[in-house]
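Dumped target.pdb below, it's PDB, C-alpha atoms:
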```pdb
ATOM      1  CA  MET Y   1     -14.485   5.859   7.610  1.00  0.00           C
ATOM      2  CA  GLU Y   2     -14.888   2.177   8.463  1.00  0.00           C
ATOM      3  CA  TRP Y   3     -16.198  -1.041   6.956  1.00  0.00           C
ATOM      4  CA  ARG Y   4     -16.297  -4.711   7.897  1.00  0.00           C
ATOM      5  CA  ASP Y   5     -16.174  -7.557   5.410  1.00  0.00           C
ATOM      6  CA  GLU Y   6     -14.749 -11.013   4.783  1.00  0.00           C
ATOM      7  CA  GLY Y   7     -11.883 -11.480   2.387  1.00  0.00           C
ATOM      8  CA  PHE Y   8      -8.880 -13.602   1.543  1.00  0.00           C
ATOM      9  CA  VAL Y   9      -5.285 -12.467   1.276  1.00  0.00           C
ATOM     10  CA  LEU Y  10      -3.844 -11.847  -2.181  1.00  0.00           C
ATOM     11  CA  SER Y  11      -0.411 -10.643  -1.088  1.00  0.00           C
ATOM     12  CA  ALA Y  12       1.487  -9.291   1.901  1.00  0.00           C
ATOM     13  CA  ARG Y  13       4.851  -7.596   2.213  1.00  0.00           C
ATOM     14  CA  PRO Y  14       6.735  -5.797   4.991  1.00  0.00           C
ATOM     15  CA  HIS Y  15       6.142  -2.069   5.361  1.00  0.00           C
ATOM     16  CA  GLY Y  16       8.428  -0.176   7.688  1.00  0.00           C
ATOM     17  CA  GLU Y  17       9.805  -1.914  10.760  1.00  0.00           C
ATOM     18  CA  THR Y  18       6.757  -3.795  12.028  1.00  0.00           C
ATOM     19  CA  ALA Y  19       3.800  -3.327   9.669  1.00  0.00           C
ATOM     20  CA  ALA Y  20       2.693  -5.283   6.611  1.00  0.00           C
ATOM     21  CA  LEU Y  21       1.054  -3.909   3.489  1.00  0.00           C
ATOM     22  CA  ILE Y  22      -1.566  -6.431   2.455  1.00  0.00           C
ATOM     23  CA  GLU Y  23      -3.910  -6.750  -0.468  1.00  0.00           C
ATOM     24  CA  VAL Y  24      -7.129  -8.725  -0.141  1.00  0.00           C
ATOM     25  CA  MET Y  25     -10.098  -9.682  -2.261  1.00  0.00           C
ATOM     26  CA  SER Y  26     -13.157  -8.893  -0.175  1.00  0.00           C
ATOM     27  CA  ALA Y  27     -16.750  -9.933  -0.749  1.00  0.00           C
ATOM     28  CA  ALA Y  28     -18.333  -6.469  -0.903  1.00  0.00           C
ATOM     29  CA  HIS Y  29     -15.361  -4.141  -1.441  1.00  0.00           C
ATOM     30  CA  GLY Y  30     -13.339  -5.952  -4.107  1.00  0.00           C
ATOM     31  CA  ARG Y  31      -9.569  -5.854  -4.297  1.00  0.00           C
ATOM     32  CA  HIS Y  32      -8.437  -3.618  -1.467  1.00  0.00           C
ATOM     33  CA  ALA Y  33      -5.107  -2.718   0.122  1.00  0.00           C
ATOM     34  CA  GLY Y  34      -4.288  -1.557   3.620  1.00  0.00           C
ATOM     35  CA  LEU Y  35      -1.702  -1.641   6.392  1.00  0.00           C
ATOM     36  CA  VAL Y  36      -1.685  -4.191   9.186  1.00  0.00           C
ATOM     37  CA  ARG Y  37       0.157  -2.870  12.218  1.00  0.00           C
ATOM     38  CA  GLY Y  38       2.390  -5.585  13.605  1.00  0.00           C
ATOM     39  CA  GLY Y  39       1.760  -7.577  10.457  1.00  0.00           C
ATOM     40  CA  ILE Y  40       5.265  -9.049  10.268  1.00  0.00           C
ATOM     41  CA  SER Y  41       5.119 -10.390  13.819  1.00  0.00           C
ATOM     42  CA  ARG Y  42       5.371 -14.095  14.530  1.00  0.00           C
ATOM     43  CA  LYS Y  43       1.727 -14.081  15.629  1.00  0.00           C
ATOM     44  CA  ALA Y  44       0.255 -12.253  12.610  1.00  0.00           C
ATOM     45  CA  ARG Y  45       2.438 -13.423   9.735  1.00  0.00           C
ATOM     46  CA  PRO Y  46       1.046 -16.990   9.396  1.00  0.00           C
ATOM     47  CA  HIS Y  47      -2.467 -15.597   8.920  1.00  0.00           C
ATOM     48  CA  LEU Y  48      -1.411 -13.184   6.155  1.00  0.00           C
ATOM     49  CA  GLN Y  49      -0.432 -15.827   3.609  1.00  0.00           C
ATOM     50  CA  PRO Y  50      -2.113 -15.802   0.159  1.00  0.00           C
ATOM     51  CA  GLY Y  51      -5.455 -17.592   0.167  1.00  0.00           C
ATOM     52  CA  ASN Y  52      -6.128 -17.339   3.907  1.00  0.00           C
ATOM     53  CA  LEU Y  53      -9.645 -16.168   4.784  1.00  0.00           C
ATOM     54  CA  LEU Y  54     -10.051 -13.289   7.253  1.00  0.00           C
ATOM     55  CA  ASP Y  55     -12.761 -11.248   8.929  1.00  0.00           C
ATOM     56  CA  LEU Y  56     -11.600  -7.728   8.097  1.00  0.00           C
ATOM     57  CA  THR Y  57     -12.154  -4.272   9.516  1.00  0.00           C
ATOM     58  CA  TRP Y  58     -10.778  -1.393   7.452  1.00  0.00           C
ATOM     59  CA  ARG Y  59     -10.427   2.139   8.841  1.00  0.00           C
ATOM     60  CA  ALA Y  60      -9.228   5.408   7.326  1.00  0.00           C
ATOM     61  CA  ARG Y  61      -9.868   9.105   7.843  1.00  0.00           C
ATOM     62  CA  LEU Y  62     -11.047   9.510   4.243  1.00  0.00           C
ATOM     63  CA  PRO Y  63     -12.272   6.914   1.707  1.00  0.00           C
ATOM     64  CA  GLU Y  64      -9.399   7.612  -0.691  1.00  0.00           C
ATOM     65  CA  HIS Y  65      -6.721   6.964   1.958  1.00  0.00           C
ATOM     66  CA  LEU Y  66      -4.794   3.694   2.116  1.00  0.00           C
ATOM     67  CA  GLY Y  67      -6.137   2.969   5.579  1.00  0.00           C
ATOM     68  CA  SER Y  68      -5.387   0.095   7.910  1.00  0.00           C
ATOM     69  CA  PHE Y  69      -6.790  -3.375   8.514  1.00  0.00           C
ATOM     70  CA  THR Y  70      -7.433  -5.309  11.652  1.00  0.00           C
ATOM     71  CA  PHE Y  71      -8.458  -8.914  11.235  1.00  0.00           C
ATOM     72  CA  GLU Y  72      -9.614 -12.156  12.782  1.00  0.00           C
ATOM     73  CA  PRO Y  73      -8.512 -15.377  11.069  1.00  0.00           C
ATOM     74  CA  ARG Y  74     -11.289 -17.478   9.564  1.00  0.00           C
ATOM     75  CA  GLY Y  75      -9.378 -20.301   7.920  1.00  0.00           C
ATOM     76  CA  SER Y  76      -6.155 -21.305   6.219  1.00  0.00           C
ATOM     77  CA  SER Y  77      -5.899 -22.330   2.589  1.00  0.00           C
ATOM     78  CA  PRO Y  78      -4.640 -25.842   1.739  1.00  0.00           C
ATOM     79  CA  ALA Y  79      -1.730 -24.277  -0.174  1.00  0.00           C
ATOM     80  CA  LEU Y  80       0.955 -26.202   1.697  1.00  0.00           C
ATOM     81  CA  SER Y  81      -0.610 -29.615   1.112  1.00  0.00           C
ATOM     82  CA  SER Y  82       1.283 -30.182  -2.160  1.00  0.00           C
ATOM     83  CA  ARG Y  83       3.345 -28.481  -4.840  1.00  0.00           C
ATOM     84  CA  LEU Y  84       0.252 -28.350  -7.065  1.00  0.00           C
ATOM     85  CA  ALA Y  85      -1.893 -26.825  -4.310  1.00  0.00           C
ATOM     86  CA  LEU Y  86       0.709 -24.152  -3.564  1.00  0.00           C
ATOM     87  CA  ALA Y  87       1.055 -23.301  -7.254  1.00  0.00           C
ATOM     88  CA  GLY Y  88      -2.729 -23.177  -7.648  1.00  0.00           C
ATOM     89  CA  VAL Y  89      -3.380 -20.831  -4.736  1.00  0.00           C
ATOM     90  CA  SER Y  90      -0.436 -18.627  -5.744  1.00  0.00           C
ATOM     91  CA  ALA Y  91      -1.627 -18.404  -9.370  1.00  0.00           C
ATOM     92  CA  THR Y  92      -5.206 -17.601  -8.348  1.00  0.00           C
ATOM     93  CA  CYS Y  93      -4.184 -14.812  -5.988  1.00  0.00           C
ATOM     94  CA  ALA Y  94      -1.591 -13.387  -8.392  1.00  0.00           C
ATOM     95  CA  LEU Y  95      -4.067 -13.196 -11.282  1.00  0.00           C
ATOM     96  CA  LEU Y  96      -6.725 -11.522  -9.142  1.00  0.00           C
ATOM     97  CA  SER Y  97      -4.163  -8.991  -7.949  1.00  0.00           C
ATOM     98  CA  LEU Y  98      -3.155  -8.145 -11.524  1.00  0.00           C
ATOM     99  CA  THR Y  99      -6.553  -8.144 -13.239  1.00  0.00           C
ATOM    100  CA  LEU Y 100      -9.146  -6.784 -10.806  1.00  0.00           C
ATOM    101  CA  PRO Y 101      -9.788  -3.034 -10.657  1.00  0.00           C
ATOM    102  CA  GLU Y 102      -9.073  -1.711  -7.180  1.00  0.00           C
ATOM    103  CA  ARG Y 103     -12.075  -1.349  -4.852  1.00  0.00           C
ATOM    104  CA  ASP Y 104     -14.518  -2.682  -7.449  1.00  0.00           C
ATOM    105  CA  PRO Y 105     -16.767  -5.429  -6.002  1.00  0.00           C
ATOM    106  CA  HIS Y 106     -17.036  -8.744  -7.843  1.00  0.00           C
ATOM    107  CA  PRO Y 107     -19.157 -10.812  -5.436  1.00  0.00           C
ATOM    108  CA  GLY Y 108     -19.747 -13.723  -7.801  1.00  0.00           C
ATOM    109  CA  LEU Y 109     -16.068 -14.042  -8.657  1.00  0.00           C
ATOM    110  CA  PHE Y 110     -15.237 -13.734  -4.955  1.00  0.00           C
ATOM    111  CA  GLN Y 111     -17.352 -16.778  -4.133  1.00  0.00           C
ATOM    112  CA  GLN Y 112     -15.940 -18.751  -7.077  1.00  0.00           C
ATOM    113  CA  SER Y 113     -12.389 -17.878  -6.051  1.00  0.00           C
ATOM    114  CA  LEU Y 114     -13.041 -18.835  -2.437  1.00  0.00           C
ATOM    115  CA  ALA Y 115     -14.432 -22.208  -3.531  1.00  0.00           C
ATOM    116  CA  LEU Y 116     -11.456 -22.771  -5.846  1.00  0.00           C
ATOM    117  CA  ILE Y 117      -8.909 -22.048  -3.123  1.00  0.00           C
ATOM    118  CA  ALA Y 118     -10.721 -24.400  -0.730  1.00  0.00           C
ATOM    119  CA  MET Y 119     -10.287 -27.312  -3.141  1.00  0.00           C
ATOM    120  CA  ALA Y 120      -6.617 -26.671  -3.931  1.00  0.00           C
ATOM    121  CA  GLY Y 121      -5.628 -30.093  -2.603  1.00  0.00           C
ATOM    122  CA  ASP Y 122      -8.351 -31.933  -4.523  1.00  0.00           C
ATOM    123  CA  PRO Y 123      -7.464 -34.133  -7.539  1.00  0.00           C
ATOM    124  CA  LEU Y 124     -10.049 -32.203  -9.582  1.00  0.00           C
ATOM    125  CA  PHE Y 125      -8.400 -28.861  -8.833  1.00  0.00           C
ATOM    126  CA  PRO Y 126      -6.722 -28.469 -12.283  1.00  0.00           C
ATOM    127  CA  LEU Y 127     -10.089 -28.755 -14.026  1.00  0.00           C
ATOM    128  CA  ALA Y 128     -11.702 -26.396 -11.502  1.00  0.00           C
ATOM    129  CA  TYR Y 129      -8.893 -23.899 -12.064  1.00  0.00           C
ATOM    130  CA  LEU Y 130      -9.423 -24.001 -15.832  1.00  0.00           C
ATOM    131  CA  GLN Y 131     -13.128 -23.317 -15.306  1.00  0.00           C
ATOM    132  CA  TRP Y 132     -12.211 -20.484 -12.950  1.00  0.00           C
ATOM    133  CA  GLU Y 133     -10.025 -18.802 -15.577  1.00  0.00           C
ATOM    134  CA  ARG Y 134     -13.002 -18.873 -17.939  1.00  0.00           C
ATOM    135  CA  ALA Y 135     -15.141 -17.358 -15.163  1.00  0.00           C
ATOM    136  CA  LEU Y 136     -12.525 -14.631 -14.669  1.00  0.00           C
ATOM    137  CA  LEU Y 137     -12.657 -13.769 -18.372  1.00  0.00           C
ATOM    138  CA  ASP Y 138     -16.481 -13.761 -18.262  1.00  0.00           C
ATOM    139  CA  ASP Y 139     -16.585 -11.526 -15.200  1.00  0.00           C
ATOM    140  CA  MET Y 140     -14.190  -9.017 -16.733  1.00  0.00           C
ATOM    141  CA  GLY Y 141     -16.117  -8.808 -20.020  1.00  0.00           C
ATOM    142  CA  PHE Y 142     -13.886 -11.010 -22.186  1.00  0.00           C
ATOM    143  CA  GLY Y 143     -15.803 -14.280 -22.071  1.00  0.00           C
ATOM    144  CA  LEU Y 144     -15.272 -16.960 -24.704  1.00  0.00           C
ATOM    145  CA  ASP Y 145     -18.216 -17.986 -26.896  1.00  0.00           C
ATOM    146  CA  LEU Y 146     -17.620 -21.619 -27.765  1.00  0.00           C
ATOM    147  CA  SER Y 147     -21.213 -22.545 -28.605  1.00  0.00           C
ATOM    148  CA  SER Y 148     -20.885 -22.559 -32.406  1.00  0.00           C
ATOM    149  CA  CYS Y 149     -18.496 -21.829 -35.261  1.00  0.00           C
ATOM    150  CA  ALA Y 150     -18.047 -18.117 -35.929  1.00  0.00           C
ATOM    151  CA  VAL Y 151     -17.674 -18.852 -39.666  1.00  0.00           C
ATOM    152  CA  THR Y 152     -20.210 -21.568 -40.486  1.00  0.00           C
ATOM    153  CA  GLY Y 153     -22.524 -21.603 -37.475  1.00  0.00           C
ATOM    154  CA  ALA Y 154     -21.872 -25.326 -36.988  1.00  0.00           C
ATOM    155  CA  THR Y 155     -21.976 -26.742 -33.478  1.00  0.00           C
ATOM    156  CA  GLU Y 156     -19.865 -29.819 -34.242  1.00  0.00           C
ATOM    157  CA  GLY Y 157     -16.251 -30.206 -35.290  1.00  0.00           C
ATOM    158  CA  LEU Y 158     -15.164 -27.167 -33.255  1.00  0.00           C
ATOM    159  CA  ALA Y 159     -11.373 -27.176 -33.135  1.00  0.00           C
ATOM    160  CA  TYR Y 160     -10.106 -23.613 -32.708  1.00  0.00           C
ATOM    161  CA  VAL Y 161     -10.734 -20.297 -30.968  1.00  0.00           C
ATOM    162  CA  SER Y 162     -10.404 -16.997 -32.790  1.00  0.00           C
ATOM    163  CA  PRO Y 163      -7.966 -14.717 -30.924  1.00  0.00           C
ATOM    164  CA  THR Y 164      -9.824 -11.748 -32.375  1.00  0.00           C
ATOM    165  CA  SER Y 165     -13.400 -12.550 -31.345  1.00  0.00           C
ATOM    166  CA  GLY Y 166     -12.998 -15.226 -28.684  1.00  0.00           C
ATOM    167  CA  ARG Y 167     -15.423 -17.422 -30.623  1.00  0.00           C
ATOM    168  CA  ALA Y 168     -15.076 -21.054 -31.615  1.00  0.00           C
ATOM    169  CA  VAL Y 169     -14.135 -22.011 -35.178  1.00  0.00           C
ATOM    170  CA  SER Y 170     -14.652 -25.433 -36.739  1.00  0.00           C
ATOM    171  CA  ALA Y 171     -11.935 -27.290 -38.612  1.00  0.00           C
ATOM    172  CA  ALA Y 172     -13.939 -26.808 -41.809  1.00  0.00           C
ATOM    173  CA  GLY Y 173     -14.453 -23.108 -41.175  1.00  0.00           C
ATOM    174  CA  ALA Y 174     -10.816 -22.419 -40.311  1.00  0.00           C
ATOM    175  CA  GLY Y 175      -9.390 -23.244 -43.734  1.00  0.00           C
ATOM    176  CA  GLU Y 176      -6.070 -21.560 -44.426  1.00  0.00           C
ATOM    177  CA  TRP Y 177      -6.457 -19.455 -41.259  1.00  0.00           C
ATOM    178  CA  ALA Y 178      -5.977 -22.461 -38.973  1.00  0.00           C
ATOM    179  CA  PRO Y 179      -2.314 -21.688 -38.118  1.00  0.00           C
ATOM    180  CA  ARG Y 180      -3.370 -18.257 -36.810  1.00  0.00           C
ATOM    181  CA  LEU Y 181      -6.046 -19.622 -34.481  1.00  0.00           C
ATOM    182  CA  LEU Y 182      -5.804 -20.878 -30.906  1.00  0.00           C
ATOM    183  CA  GLU Y 183      -6.305 -24.501 -29.949  1.00  0.00           C
ATOM    184  CA  LEU Y 184      -9.710 -25.592 -28.625  1.00  0.00           C
ATOM    185  CA  PRO Y 185      -9.181 -28.772 -26.572  1.00  0.00           C
ATOM    186  CA  PRO Y 186     -12.398 -30.745 -25.924  1.00  0.00           C
ATOM    187  CA  ILE Y 187     -12.188 -29.984 -22.201  1.00  0.00           C
ATOM    188  CA  LEU Y 188     -12.990 -26.328 -22.963  1.00  0.00           C
ATOM    189  CA  LEU Y 189     -16.231 -27.525 -24.542  1.00  0.00           C
ATOM    190  CA  GLY Y 190     -17.138 -29.426 -21.388  1.00  0.00           C
ATOM    191  CA  LEU Y 191     -16.357 -32.792 -22.975  1.00  0.00           C
ATOM    192  CA  GLY Y 192     -14.928 -35.128 -20.334  1.00  0.00           C
ATOM    193  CA  ASN Y 193     -12.666 -34.309 -17.403  1.00  0.00           C
ATOM    194  CA  GLY Y 194      -9.499 -34.065 -19.495  1.00  0.00           C
ATOM    195  CA  GLY Y 195      -6.082 -35.326 -18.509  1.00  0.00           C
ATOM    196  CA  PRO Y 196      -3.256 -33.117 -17.210  1.00  0.00           C
ATOM    197  CA  ASP Y 197      -1.811 -32.512 -20.684  1.00  0.00           C
ATOM    198  CA  GLU Y 198      -5.171 -31.512 -22.173  1.00  0.00           C
ATOM    199  CA  ILE Y 199      -5.908 -29.168 -19.260  1.00  0.00           C
ATOM    200  CA  ALA Y 200      -2.455 -27.594 -19.638  1.00  0.00           C
ATOM    201  CA  ARG Y 201      -3.109 -27.061 -23.361  1.00  0.00           C
ATOM    202  CA  ALA Y 202      -6.490 -25.504 -22.598  1.00  0.00           C
ATOM    203  CA  LEU Y 203      -4.791 -23.165 -20.136  1.00  0.00           C
ATOM    204  CA  GLY Y 204      -2.593 -22.055 -23.022  1.00  0.00           C
ATOM    205  CA  THR Y 205      -5.739 -20.773 -24.726  1.00  0.00           C
ATOM    206  CA  THR Y 206      -7.316 -19.081 -21.693  1.00  0.00           C
ATOM    207  CA  GLY Y 207      -3.904 -17.682 -20.795  1.00  0.00           C
ATOM    208  CA  TRP Y 208      -3.635 -16.017 -24.198  1.00  0.00           C
ATOM    209  CA  PHE Y 209      -6.833 -14.069 -23.556  1.00  0.00           C
ATOM    210  CA  ILE Y 210      -5.825 -13.152 -20.023  1.00  0.00           C
ATOM    211  CA  GLU Y 211      -2.463 -11.850 -21.220  1.00  0.00           C
ATOM    212  CA  HIS Y 212      -3.666 -10.085 -24.374  1.00  0.00           C
ATOM    213  CA  ARG Y 213      -7.042  -8.837 -23.116  1.00  0.00           C
ATOM    214  CA  LEU Y 214      -7.112  -8.477 -19.335  1.00  0.00           C
ATOM    215  CA  LEU Y 215      -3.464  -7.451 -19.009  1.00  0.00           C
ATOM    216  CA  ALA Y 216      -3.136  -5.605 -22.324  1.00  0.00           C
ATOM    217  CA  SER Y 217      -3.559  -2.165 -20.760  1.00  0.00           C
ATOM    218  CA  THR Y 218      -1.042  -2.856 -17.990  1.00  0.00           C
ATOM    219  CA  ASP Y 219       2.704  -3.342 -17.868  1.00  0.00           C
ATOM    220  CA  HIS Y 220       2.260  -6.896 -16.606  1.00  0.00           C
ATOM    221  CA  ALA Y 221       2.690 -10.271 -18.242  1.00  0.00           C
ATOM    222  CA  LEU Y 222       1.189 -13.488 -16.924  1.00  0.00           C
ATOM    223  CA  PRO Y 223       2.553 -13.996 -13.403  1.00  0.00           C
ATOM    224  CA  PRO Y 224       5.313 -16.572 -12.880  1.00  0.00           C
ATOM    225  CA  ALA Y 225       3.039 -18.348 -10.382  1.00  0.00           C
ATOM    226  CA  ARG Y 226       0.720 -19.308 -13.223  1.00  0.00           C
ATOM    227  CA  ALA Y 227       3.575 -20.802 -15.261  1.00  0.00           C
ATOM    228  CA  ARG Y 228       4.549 -22.848 -12.193  1.00  0.00           C
ATOM    229  CA  LEU Y 229       0.968 -24.100 -11.946  1.00  0.00           C
ATOM    230  CA  VAL Y 230       0.882 -25.203 -15.589  1.00  0.00           C
ATOM    231  CA  ASP Y 231       4.209 -26.998 -15.077  1.00  0.00           C
ATOM    232  CA  ALA Y 232       2.857 -28.685 -11.938  1.00  0.00           C
ATOM    233  CA  ILE Y 233      -0.262 -29.824 -13.789  1.00  0.00           C
ATOM    234  CA  ARG Y 234       1.827 -31.349 -16.580  1.00  0.00           C
ATOM    235  CA  ALA Y 235       4.076 -33.027 -14.014  1.00  0.00           C
ATOM    236  CA  SER Y 236       1.049 -34.638 -12.349  1.00  0.00           C
ATOM    237  CA  ALA Y 237       0.366 -36.793 -15.427  1.00  0.00           C
TER     238      ALA Y 237
END
```
Whole structure given in structure tokens:
Amino acid sequence: MEWRDEGFVLSARPHGETAALIEVMSAAHGRHAGLVRGGISRKARPHLQPGNLLDLTWRARLPEHLGSFTFEPRGSSPALSSRLALAGVSATCALLSLTLPERDPHPGLFQQSLALIAMAGDPLFPLAYLQWERALLDDMGFGLDLSSCAVTGATEGLAYVSPTSGRAVSAAGAGEWAPRLLELPPILLGLGNGGPDEIARALGTTGWFIEHRLLASTDHALPPARARLVDAIRASA
């Protein structure tokens, strides 16, 4: 059993004396794990950092086996260019590792994730990351509908998101339920580029749905890498 694909590293850890157990997100095979023989060597280790793009070959005797990877490096992520870039790449890879079903292709999300990682050192990265979290929710079937108020149907004055339905709610429609609703910063409606504080607040809303919808059936909470990213975004103000 063998396949070839491109993918970027989600995680890598030592396995035995010389091998590494890596997890990648691949274009056509989704989140996939495998062994890299000699993966902890001085030559291989720099290429197996989260976010790095690889040409992959996976081999196993049977499809259900763990199998092993060989690889050729394609490019390094800009993770080390700044604290914010490192936090962004780490958060992206950690969330994909926790939320994606194993060996289930998500080609659209793969391309979006690859583009996000490539711009990790860009000043617009925080906004791109927020948009990516919305894309992750969409791709996994928990997209937010912020087009109109779930109560009144109004398209103006939207101020909240219902944690139950994922739909927008206007200030008028919220009434006494407002304290139980999630914040809807204008940036989530596509209004302006938002400053660091507004983006961080918007990530509080998308993070609620990731934690309580995507991760609800697992034993995992939001990864610490994501909290570090939100802190780094706030600190960039």
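Nearest-residue note for Y:Tyr129: choosing from Y:Arg226, Y:Arg61, Y:Arg42, Y:Arg4, the minimum distance belongs to Y:Arg226, counting all atoms listed in the file.
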*Selection under test: the PyMOL selection byres ((chain Y and resi 166-172) around 9); residues as number ranges by chain*: Y: 142-165, 173-175, 178, 181, 184, 209
*Check what the PyMOL selection byres ((chain Y and resi 83) around 12) selects in the file above and give those residues as a ChimeraX atom specification.*
/Y:78-82,84-90,120-121,225,228-233,235-236
*asked:* Suppose a student applies the PyMOL selection byres ((chain Y and resi 102-106) around 8) to this structure; what residues should they get, written as a list of chain:residue names?
replied: Y:Ser26, Y:Ala27, Y:Ala28, Y:His29, Y:Gly30, Y:Arg31, Y:His32, Y:Leu100, Y:Pro101, Y:Pro107, Y:Gly108, Y:Leu109, Y:Phe110, Y:Asp139
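The gap separating atom CA of Y:Arg37 from atom CA of Y:Val24 is 15.5 Å, in Å to one decimal.
Interatomic distance, atom CA of Y:Pro50 against atom CA of Y:Ile117: 9.8 Å.
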